[in-house]
Structures are given as C-alpha cells and as structure tokens.
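> Sending over input04.txt (compact mmCIF, C-alpha atoms).
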```txt
# COMPACT_ATOMS: atom_id res chain seq x y z
CA MET A 1 0.00 0.00 0.00
CA PRO A 2 1.50 3.40 -0.94
CA LYS A 3 2.25 5.83 1.84
CA LYS A 4 0.05 8.87 2.25
CA ARG A 5 1.58 12.07 0.89
CA VAL A 6 2.98 14.06 3.79
CA LEU A 7 4.66 16.90 1.90
CA PRO A 8 1.51 19.04 1.53
CA TYR A 9 0.94 18.98 5.29
CA ILE A 10 4.51 20.05 5.95
CA ILE A 11 4.11 22.96 3.56
CA LEU A 12 0.79 23.89 5.19
CA GLY A 13 2.48 23.81 8.59
CA LEU A 14 5.29 26.04 7.36
CA LEU A 15 2.78 28.55 5.99
CA LYS A 16 0.79 28.47 9.23
CA ASN A 17 3.91 29.09 11.31
CA ASN A 18 5.55 31.65 9.02
CA GLY A 19 2.72 33.41 7.21
CA GLU A 20 3.22 34.10 3.54
CA MET A 21 6.30 32.51 1.99
CA THR A 22 7.91 32.22 -1.41
CA GLY A 23 8.77 28.85 -2.90
CA ALA A 24 12.44 29.63 -2.28
CA GLU A 25 11.73 30.31 1.41
CA ILE A 26 9.80 27.05 1.72
CA THR A 27 12.69 25.18 0.08
CA ALA A 28 15.13 26.86 2.48
CA GLU A 29 13.06 25.61 5.44
CA PHE A 30 13.55 22.07 4.17
CA GLU A 31 17.26 22.61 3.80
CA ASN A 32 17.62 24.10 7.27
CA GLU A 33 14.93 23.21 9.82
CA ILE A 34 12.84 20.33 8.47
CA GLY A 35 15.86 18.71 6.80
CA GLU A 36 17.17 17.67 10.19
CA PHE A 37 14.48 14.98 10.38
CA TRP A 38 12.66 14.78 7.01
CA GLN A 39 13.97 15.09 3.45
CA THR A 40 12.49 16.33 0.20
CA THR A 41 13.81 17.94 -2.94
CA HIS A 42 13.25 21.22 -4.73
CA SER A 43 11.73 19.25 -7.61
CA GLN A 44 9.06 17.83 -5.27
CA ILE A 45 8.12 21.09 -3.56
CA TYR A 46 7.02 23.14 -6.57
CA PRO A 47 4.69 20.51 -8.13
CA GLU A 48 3.16 20.02 -4.67
CA LEU A 49 2.60 23.77 -4.33
CA LYS A 50 0.90 23.75 -7.74
CA ARG A 51 -1.44 20.93 -6.59
CA MET A 52 -2.17 22.77 -3.35
CA VAL A 53 -3.12 25.92 -5.29
CA ALA A 54 -5.42 23.81 -7.50
CA ASP A 55 -6.93 22.19 -4.37
CA GLU A 56 -7.47 25.71 -2.97
CA TRP A 57 -5.41 24.97 0.14
CA VAL A 58 -3.05 27.85 -0.62
CA LEU A 59 -3.31 31.07 -2.56
CA LEU A 60 -0.59 32.10 -5.00
CA GLU A 61 0.00 35.82 -5.47
CA PRO A 62 2.67 37.53 -7.55
CA ASP A 63 4.88 40.05 -5.79
CA ALA A 64 3.79 43.66 -6.33
CA VAL A 65 7.31 44.74 -7.33
CA ASP A 66 9.18 41.64 -8.54
CA LYS A 67 6.87 39.78 -10.95
CA LYS A 68 9.12 36.70 -10.84
CA LYS A 69 8.58 36.35 -7.10
CA LYS A 70 5.42 34.54 -5.99
CA TRP A 71 3.94 34.41 -2.50
CA TYR A 72 2.00 31.49 -1.06
CA HIS A 73 -0.68 32.09 1.59
CA LEU A 74 -2.55 29.54 3.69
CA LEU A 75 -6.30 29.46 2.95
CA PRO A 76 -8.97 28.30 5.45
CA SER A 77 -9.37 24.96 3.64
CA GLY A 78 -5.59 24.42 3.97
CA GLN A 79 -5.78 25.33 7.65
CA ALA A 80 -8.55 22.75 8.08
CA ALA A 81 -6.56 20.07 6.21
CA LEU A 82 -3.53 20.74 8.43
CA ALA A 83 -5.63 20.59 11.61
CA GLN A 84 -7.16 17.28 10.47
CA TRP A 85 -3.71 15.79 9.72
CA LEU A 86 -2.33 16.91 13.08
CA ALA A 87 -5.30 15.34 14.88
CA THR A 88 -5.22 12.04 12.97
CA PRO A 89 -4.15 9.28 15.38
CA LEU A 90 -0.67 7.86 14.91
CA THR A 91 -0.40 4.24 13.86
CA THR A 92 2.50 1.91 13.15
CA THR A 93 2.32 3.08 9.52
CA THR A 94 2.32 6.81 10.37
CA ASP A 95 4.60 7.00 13.40
CA ASP A 96 7.39 8.38 11.19
CA GLU A 97 5.20 11.50 10.99
CA PHE A 98 5.59 12.08 14.73
CA PRO A 99 8.56 14.49 14.51
CA LEU A 100 6.83 16.45 11.75
CA ARG A 101 3.62 16.84 13.71
CA LEU A 102 5.56 17.71 16.83
CA PHE A 103 7.46 20.40 14.89
CA PHE A 104 4.22 22.18 14.02
CA LEU A 105 2.84 22.20 17.56
CA GLN A 106 4.61 25.37 18.59
CA HIS A 107 3.22 25.98 22.06
CA ARG A 108 3.52 23.91 25.20
CA ASP A 109 -0.22 24.23 25.86
CA GLU A 110 -1.30 22.94 22.42
CA PRO A 111 -4.24 20.58 23.09
CA LEU A 112 -2.84 17.91 20.74
CA LEU A 113 0.66 17.81 22.25
CA GLN A 114 0.10 15.42 25.16
CA SER A 115 -2.15 13.21 23.06
CA LEU A 116 0.45 12.97 20.29
CA ILE A 117 3.23 12.10 22.73
CA THR A 118 1.04 9.54 24.50
CA GLN A 119 0.20 7.89 21.17
CA GLU A 120 3.87 7.74 20.23
CA LEU A 121 4.73 6.32 23.65
CA THR A 122 2.19 3.52 23.20
CA LEU A 123 3.61 2.67 19.77
CA HIS A 124 7.19 2.51 21.12
CA ARG A 125 6.18 0.43 24.13
CA ASP A 126 4.49 -2.03 21.78
CA LYS A 127 7.60 -2.13 19.58
CA LEU A 128 9.82 -2.73 22.59
CA GLU A 129 7.61 -5.55 23.80
CA HIS A 130 7.73 -7.15 20.35
CA LEU A 131 11.53 -6.79 20.13
CA ASN A 132 12.04 -8.29 23.59
CA GLN A 133 9.82 -11.23 22.64
CA ARG A 134 11.87 -11.72 19.46
CA LEU A 135 15.10 -11.62 21.46
CA THR A 136 13.78 -14.29 23.82
CA THR A 137 12.37 -16.42 21.00
CA LEU A 138 15.39 -16.26 18.71
CA PHE A 139 18.30 -16.07 21.12
CA SER A 140 17.45 -17.94 24.32
CA ASN A 141 20.20 -20.43 23.43
CA PRO A 142 23.74 -18.97 23.82
CA GLN A 143 24.92 -20.95 20.79
CA THR A 144 22.24 -19.31 18.64
CA GLN A 145 23.61 -15.92 19.72
CA ILE A 146 27.11 -17.00 18.66
CA ASP A 147 25.94 -18.46 15.34
CA ASN A 148 23.85 -15.36 14.49
CA TYR A 149 25.85 -12.67 16.23
CA GLY A 150 25.11 -9.85 13.77
CA HIS A 151 21.37 -10.48 13.99
CA HIS A 152 21.63 -10.59 17.78
CA LEU A 153 23.50 -7.26 17.83
CA ILE A 154 21.05 -5.49 15.57
CA LEU A 155 18.11 -6.73 17.65
CA LYS A 156 19.78 -5.49 20.84
CA ARG A 157 20.45 -2.16 19.12
CA ALA A 158 16.75 -1.87 18.23
CA ILE A 159 15.82 -2.63 21.85
CA GLU A 160 18.19 0.08 23.05
CA ARG A 161 16.72 2.58 20.54
CA GLU A 162 13.17 1.85 21.67
CA THR A 163 14.17 2.04 25.35
CA ASN A 164 15.72 5.47 24.74
CA ASN A 165 12.66 6.66 22.80
CA ILE A 166 10.39 5.56 25.64
CA HIS A 167 12.55 7.30 28.21
CA TRP A 168 12.46 10.57 26.24
CA LEU A 169 8.70 10.37 25.69
CA GLU A 170 8.01 9.61 29.36
CA SER A 171 10.27 12.47 30.49
CA THR A 172 8.60 14.86 28.07
CA LEU A 173 5.13 13.88 29.30
CA GLN A 174 6.20 14.43 32.91
CA GLU A 175 7.59 17.84 31.97
CA LEU A 176 4.33 18.80 30.26
CA GLN A 177 2.26 17.68 33.24
CA ALA A 178 4.38 19.63 35.75
```
Could you write out this file's structure as structure tokens?

Amino acid sequence: MPKKRVLPYIILGLLKNNGEMTGAEITAEFENEIGEFWQTTHSQIYPELKRMVADEWVLLEPDAVDKKKKWYHLLPSGQAALAQWLATPLTTTTDDEFPLRLFFLQHRDEPLLQSLITQELTLHRDKLEHLNQRLTTLFSNPQTQIDNYGHHLILKRAIERETNNIHWLESTLQELQA
C-alpha cells in the first residue's frame, strides 16, 4: 500500500507558522529546519505547491514589485486540512510522521501535544515488547547468539533505541504535566 503524501501537510504547517512565503523560502526551510528529520527535494516542492493551489489549500499571489517572485498564503481549507492531519491518530504506519507533527505544535499548551506524545509512547512500548519477545524467542540459546551474532547485535540495538525513545517520551510527558 503506498504511503500517504505528507509533503503538503509540511508545507501547510510552514505557511501556518511563518505566514506568507515564497517557494524559495519554503525550500530553504527544508534545507535548514525540516531537513534535520525529514527530506524532500526542490523538484518535489514546486509541483506540490501547484497541486495545493489547485486544491485551494493555498493562494498564489505575484509580488507587487518583482513579478518573478510569488507568495503562497494559507487558505482556510488548507488550515482545516492541516488541523485534520495533526489530529489524525498515529499508527504503526504513520509513526514516522511524529517528529513532523511535533514540529508544528509550537506551544507547550497545544491541546494535541500530550495526546500525540502519548500515542507515540504507546507505539514505542508495543515495539519494545515485540523486540524483547523476538530476542527471547530467537536467542534464548547462547549458541544461537554466537551463530547469528550480527542479527543478535542489531536486535539489541533496536531494543536500546526503543528504550531510549520511551525514556524521552516519558520524560517529556512528565515535563508537560508539571
């Protein structure tokens, strides 16, 4: 099953947070801020902006002075689409969207923030439980660990990653509830 397009929601979030932006400014956000945790290319951004204009999620206006410069503005239908995406529950197939959604929740008192973190925490706890079961199932015999050492290491690495994710999520929730 193909993954849902996420790029339009990122662009909507950028417009919501920054107001009007040019295509070059949106691209720069991907190179600087968003690029730390999600990648796209210049050649993907402009066709997506064109679709978003056609869908009436954003308005395109030429600059009053520089006719080559174009400004994109968030429209109410785009604001609604962004709000719906942010509120959509995370699942095992959308948990890679967590950092993106988190990025667009700018204020500590955002109503969705604790819910989003709690959802992500549940997903990581489930992953950790699954990985620990796999470790027990596959490597309860010391000889199996020796014979499949690389697999054993990568599984232990995944357990460590999930343990660290859970610790960060739990700490963040405690901080928000303080």
> When you count all atoms listed in the file, which of these residues is closest to Tyr72 of chain A: A:Glu20, A:Glu170, A:Asp109, A:Glu31?
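Counting all atoms listed in the file, the residue closest to Tyr72 of chain A is A:Glu20.
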> Return the padded bounding box of segment 129-135 of chain A as JSON: axis-aligned, built from all atoms listed in the file, 3 Å added on each side, with centre and edge lengths in Å to one decimal.

```
{"center_x": 11.4, "center_y": -8.6, "center_z": 21.6, "size_x": 13.5, "size_y": 12.2, "size_z": 10.3}
```
> Measuring between only C-alpha atoms, which one of A:Gln114, A:Asn132, A:Thr93, A:Gln44 shows the shortest distance to Pro8 of chain A?
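Checking each candidate against Pro8 of chain A, we get A:Gln44 as the closest.
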> Find, counting all atoms listed in the file, the residue in A:Glu162, A:Lys4, A:Ile10, A:Ala64 that gets nearest to Glu33 of chain A.
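So, comparing all the options, the nearest one is A:Ile10.
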> Of the residues A:Thr40, A:Glu120, A:Pro76, A:Glu48, which is the one nearest to Asp96 of chain A, using all atoms listed in the file?
A:Glu120
> Which residues are near Trp168 of chain A? Cut-off 12 Å, only C-alpha atoms, ignore same chain within fewer than 6 positions. Put them as a compact mmCIF listing (two decimals) with C-alpha atoms, in the frame of the given file.

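Okay, out-v5.txt is ready:
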```txt
# COMPACT_ATOMS: atom_id res chain seq x y z
CA ILE A 117 3.23 12.10 22.73
CA THR A 118 1.04 9.54 24.50
CA GLU A 120 3.87 7.74 20.23
CA LEU A 121 4.73 6.32 23.65
CA HIS A 124 7.19 2.51 21.12
CA ARG A 161 16.72 2.58 20.54
CA GLU A 162 13.17 1.85 21.67
CA GLN A 174 6.20 14.43 32.91
CA GLU A 175 7.59 17.84 31.97
```
> Could you check the closest approach to Gly35 of chain A for each of A:Pro99, A:Pro142, A:Gly78, A:Gly13 and tell me which residue wins, using all atoms listed in the file?
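The shortest atom-to-atom distance to Gly35 of chain A comes from A:Pro99.
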> For a quick check of understanding, using only C-alpha atoms, which of A:Val58, A:Ile26, A:Met52, A:Gln119 has the smallest distance to Asp95 of chain A?
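Among A:Val58, A:Ile26, A:Met52, A:Gln119, it is A:Gln119 that comes nearest to Asp95 of chain A.
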> With the input short on atoms, add N, CA and C atoms back to segment 123-156 of chain A and write it as a CSV table (one decimal), keeping the file's coordinate frame.

```csv
chain,number,residue,atom,x,y,z
A,123,LEU,N,3.0,3.4,20.9
A,123,LEU,CA,3.6,2.7,19.8
A,123,LEU,C,5.0,2.1,20.1
A,124,HIS,N,5.8,2.9,20.8
A,124,HIS,CA,7.2,2.5,21.1
A,124,HIS,C,7.2,1.4,22.2
A,125,ARG,N,6.3,1.5,23.1
A,125,ARG,CA,6.2,0.4,24.1
A,125,ARG,C,5.8,-0.9,23.5
A,126,ASP,N,4.9,-0.8,22.5
A,126,ASP,CA,4.5,-2.0,21.8
A,126,ASP,C,5.7,-2.6,21.0
A,127,LYS,N,6.4,-1.7,20.3
A,127,LYS,CA,7.6,-2.1,19.6
A,127,LYS,C,8.6,-2.8,20.5
A,128,LEU,N,8.8,-2.2,21.7
A,128,LEU,CA,9.8,-2.7,22.6
A,128,LEU,C,9.4,-4.1,23.1
A,129,GLU,N,8.1,-4.2,23.4
A,129,GLU,CA,7.6,-5.6,23.8
A,129,GLU,C,7.8,-6.6,22.7
A,130,HIS,N,7.5,-6.2,21.5
A,130,HIS,CA,7.7,-7.2,20.4
A,130,HIS,C,9.2,-7.5,20.2
A,131,LEU,N,10.1,-6.5,20.3
A,131,LEU,CA,11.5,-6.8,20.1
A,131,LEU,C,12.1,-7.7,21.3
A,132,ASN,N,11.6,-7.4,22.5
A,132,ASN,CA,12.0,-8.3,23.6
A,132,ASN,C,11.6,-9.7,23.4
A,133,GLN,N,10.3,-9.9,22.9
A,133,GLN,CA,9.8,-11.2,22.6
A,133,GLN,C,10.7,-11.9,21.6
A,134,ARG,N,11.0,-11.2,20.5
A,134,ARG,CA,11.9,-11.7,19.5
A,134,ARG,C,13.2,-12.1,20.0
A,135,LEU,N,13.8,-11.3,20.9
A,135,LEU,CA,15.1,-11.6,21.5
A,135,LEU,C,15.0,-12.9,22.2
A,136,THR,N,14.0,-13.1,23.0
A,136,THR,CA,13.8,-14.3,23.8
A,136,THR,C,13.5,-15.5,22.9
A,137,THR,N,12.7,-15.3,21.9
A,137,THR,CA,12.4,-16.4,21.0
A,137,THR,C,13.6,-16.9,20.2
A,138,LEU,N,14.3,-15.9,19.6
A,138,LEU,CA,15.4,-16.3,18.7
A,138,LEU,C,16.7,-16.6,19.4
A,139,PHE,N,17.0,-16.0,20.6
A,139,PHE,CA,18.3,-16.1,21.1
A,139,PHE,C,18.3,-16.5,22.6
A,140,SER,N,17.4,-17.4,23.0
A,140,SER,CA,17.4,-17.9,24.3
A,140,SER,C,18.6,-18.9,24.5
A,141,ASN,N,19.1,-19.5,23.4
A,141,ASN,CA,20.2,-20.4,23.4
A,141,ASN,C,21.5,-19.7,23.2
A,142,PRO,N,22.5,-19.7,24.1
A,142,PRO,CA,23.7,-19.0,23.8
A,142,PRO,C,24.4,-19.3,22.5
A,143,GLN,N,24.3,-20.6,22.1
A,143,GLN,CA,24.9,-21.0,20.8
A,143,GLN,C,24.3,-20.2,19.6
A,144,THR,N,23.0,-20.0,19.7
A,144,THR,CA,22.2,-19.3,18.6
A,144,THR,C,22.7,-17.9,18.6
A,145,GLN,N,23.0,-17.3,19.7
A,145,GLN,CA,23.6,-15.9,19.7
A,145,GLN,C,25.0,-15.9,19.0
A,146,ILE,N,25.8,-16.9,19.3
A,146,ILE,CA,27.1,-17.0,18.7
A,146,ILE,C,27.0,-17.2,17.2
A,147,ASP,N,26.1,-18.1,16.8
A,147,ASP,CA,25.9,-18.5,15.3
A,147,ASP,C,25.3,-17.3,14.5
A,148,ASN,N,24.6,-16.5,15.2
A,148,ASN,CA,23.8,-15.4,14.5
A,148,ASN,C,24.2,-14.0,15.2
A,149,TYR,N,25.4,-13.8,15.4
A,149,TYR,CA,25.8,-12.7,16.2
A,149,TYR,C,25.4,-11.3,15.7
A,150,GLY,N,25.5,-11.1,14.4
A,150,GLY,CA,25.1,-9.8,13.8
A,150,GLY,C,23.6,-9.6,14.0
A,151,HIS,N,22.8,-10.6,13.8
A,151,HIS,CA,21.4,-10.5,14.0
A,151,HIS,C,21.1,-10.2,15.5
A,152,HIS,N,21.8,-10.8,16.3
A,152,HIS,CA,21.6,-10.6,17.8
A,152,HIS,C,22.0,-9.1,18.1
A,153,LEU,N,23.1,-8.6,17.6
A,153,LEU,CA,23.5,-7.3,17.8
A,153,LEU,C,22.5,-6.2,17.3
A,154,ILE,N,22.0,-6.4,16.1
A,154,ILE,CA,21.0,-5.5,15.6
A,154,ILE,C,19.7,-5.5,16.3
A,155,LEU,N,19.3,-6.7,16.8
A,155,LEU,CA,18.1,-6.7,17.6
A,155,LEU,C,18.3,-6.0,19.0
A,156,LYS,N,19.5,-6.2,19.6
A,156,LYS,CA,19.8,-5.5,20.8
A,156,LYS,C,19.9,-4.0,20.6
```
